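To keep things clear, I will list the structure first and then write my remarks on it.
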Amino acid sequence: MNLPNKITVSRILLIPIFLIFMLVPFHWGIVQLPGTEIKLAHLIGALIFIIAAVTDWVDGYFARKYELVTTLGKFLDPLADKLLVSAALIVLVEMQLAPSWIVIIIISREFAVTGLRLVLAGSGEVVAANMLGKIKTWTQIIAISALLLNNIFFEAIGFPFALIALWVAMIFTIWSGYEYFYKNRKALLNSK
């Protein structure tokens with residue numbers, strides 16, 4: 001297994017650690033952040049999420065720079081992204097920090113595009129990630145990070161940046177999902 005794939009696997013392995021810090025009721029106290037406060041365990045969980053999310057850029061960088069793009073990496077990288085984002089969104093619903101209907105839309109799109117990729121892969125078609133899909137992923141990561149960090153910096157002035165970022169992420173999620181299906185509609189209809 002090459003370095004980019006190891007980094008991707010580390011992202012998957014960080015998910016249960018993130019979940020433990022977010023969901024186990026540790027009583028480690030409260031930390032003051034610029035404009036807000038947060039439980040120490042949740043701060044650690046949020047930082048684990050951010051580190052895991054950054055590995056998405058790191059593994060892609062090494063894979064492209066050193067020409068280490070593999071079939072395994074093409075499978076694992078989007079899977080790791082979807083697992084991380086889905087886990088974080090479900091945690092946000094559990095903590096009542098994100099509207100469940102937005103989370104359902106985002107996760108449904110992820111399943112739908114994954115299904116599209118699987119159907120087309122069975123027909124020999126490869127659906128590569130495009131720029132809109134990458135923007136979608138990063139808007140999701142920004143929104144989730146802001147929500148996990150209790151709208152850090154913006155809470156003090158009463159500006160709902162985290163919620164607005166989640167709406168932006170939802171819009172890019174829907175848009176990129178539509179684009180994937182629209183661009184691959186002929187291949188999808190011709191698949192057996």
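Residues are named by chain letter and number: chains run A, B, ... in the order of the structure tokens, numbers start at 1 in each chain, and ligands are numbered from 1 in the order shown.
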
Can you check which residues of segment 16-168 of chain A DSSP gives as helix (DSSP H, G or I) on the backbone and send them as a ChimeraX atom specification? /A:16-23,40-65,71-94,100-122,131-148,155-157,161-168

Considering only C-alpha atoms, tabulate each residue of segment 63-135 of chain A that lies at most 12 Å from segment 14-24 of chain A along with its nearest interatomic pair and the corresponding distance in Å to one decimal; arrange the rows by chain and ascending residue number and present them as a tab-separated table.
residue	atom	partner	partner_atom	distance
A:Ala80	CA	A:Ile15	CA	9.1
A:Asp81	CA	A:Ile15	CA	10.4
A:Lys82	CA	A:Ile15	CA	11.0
A:Leu83	CA	A:Ile15	CA	7.8
A:Leu84	CA	A:Ile15	CA	6.1
A:Val85	CA	A:Ile15	CA	9.5
A:Ser86	CA	A:Ile15	CA	10.1
A:Ala87	CA	A:Ile15	CA	7.4
A:Ala88	CA	A:Leu19	CA	8.0
A:Leu89	CA	A:Leu19	CA	11.1
A:Ile90	CA	A:Leu19	CA	10.0
A:Val91	CA	A:Met22	CA	7.3
A:Leu92	CA	A:Met22	CA	9.3
A:Val93	CA	A:Leu23	CA	11.6
A:Glu94	CA	A:Leu23	CA	8.7
A:Met95	CA	A:Leu23	CA	8.6

Quick one: residues within 12 Å of Arg64 of chain A, only C-alpha atoms, excluding same-chain residues fewer than 5 positions away - as a ChimeraX atom specification? /A:3-4,57-59,69-70,73-74

Enumerate the residues of segment 6-181 of chain A with a DSSP assignment of strand (DSSP E), computed from the backbone, and present them as JSON, numbers by chain. {"A": [30, 31, 32, 33, 36, 37, 38, 39]}

Expected file contents, prior selection, C-alpha atoms, as an mmCIF file, in the first residue's frame:
data_model
loop_
_atom_site.group_PDB
_atom_site.id
_atom_site.type_symbol
_atom_site.label_atom_id
_atom_site.label_comp_id
_atom_site.auth_asym_id
_atom_site.auth_seq_id
_atom_site.Cartn_x
_atom_site.Cartn_y
_atom_site.Cartn_z
ATOM 1 C CA ILE A 30 -15.385 23.921 29.046
ATOM 2 C CA VAL A 31 -12.900 25.820 26.884
ATOM 3 C CA GLN A 32 -13.326 29.480 25.966
ATOM 4 C CA LEU A 33 -12.827 30.147 22.263
ATOM 5 C CA THR A 36 -17.953 31.065 22.090
ATOM 6 C CA GLU A 37 -17.281 28.219 24.462
ATOM 7 C CA ILE A 38 -17.116 24.483 23.852
ATOM 8 C CA LYS A 39 -16.678 21.292 25.849
#

List as a list of chain:residue names the protein and nucleic acid residues near segment 114-120 of chain A, meaning an atom at most 8 Å away when only C-alpha atoms are counted, but skip any in the same chain fewer than 3 places from it. A:Glu110, A:Phe111, A:Ser123, A:Gly124, A:Glu125, A:Val126, A:Val127, A:Phe181, A:Ala187, A:Leu188, A:Ser191

Could you list, as a ChimeraX atom specification, every residue within 10 Å of segment 131-148 of chain A, counting only C-alpha atoms and ignoring same-chain residues fewer than 2 positions away? /A:22,38,42-43,45-47,49-50,53-54,56-57,78,81-82,84-85,88-89,91-92,95,97-98,106,128-129,150-154,160-177,179-180

In Å to one decimal, how far is atom CA of Glu67 of chain A from atom CA of Met1 of chain A? 13.8 Å

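Residue nearest Gly122 of chain A within the list A:Ser100, A:Thr8, A:Asn190, A:Thr55: A:Asn190 [criterion: smallest interatomic distance, only C-alpha atoms].
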
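Interatomic distance, atom CA of Phe75 of chain A against atom CA of Tyr182 of chain A: 21.9 Å.
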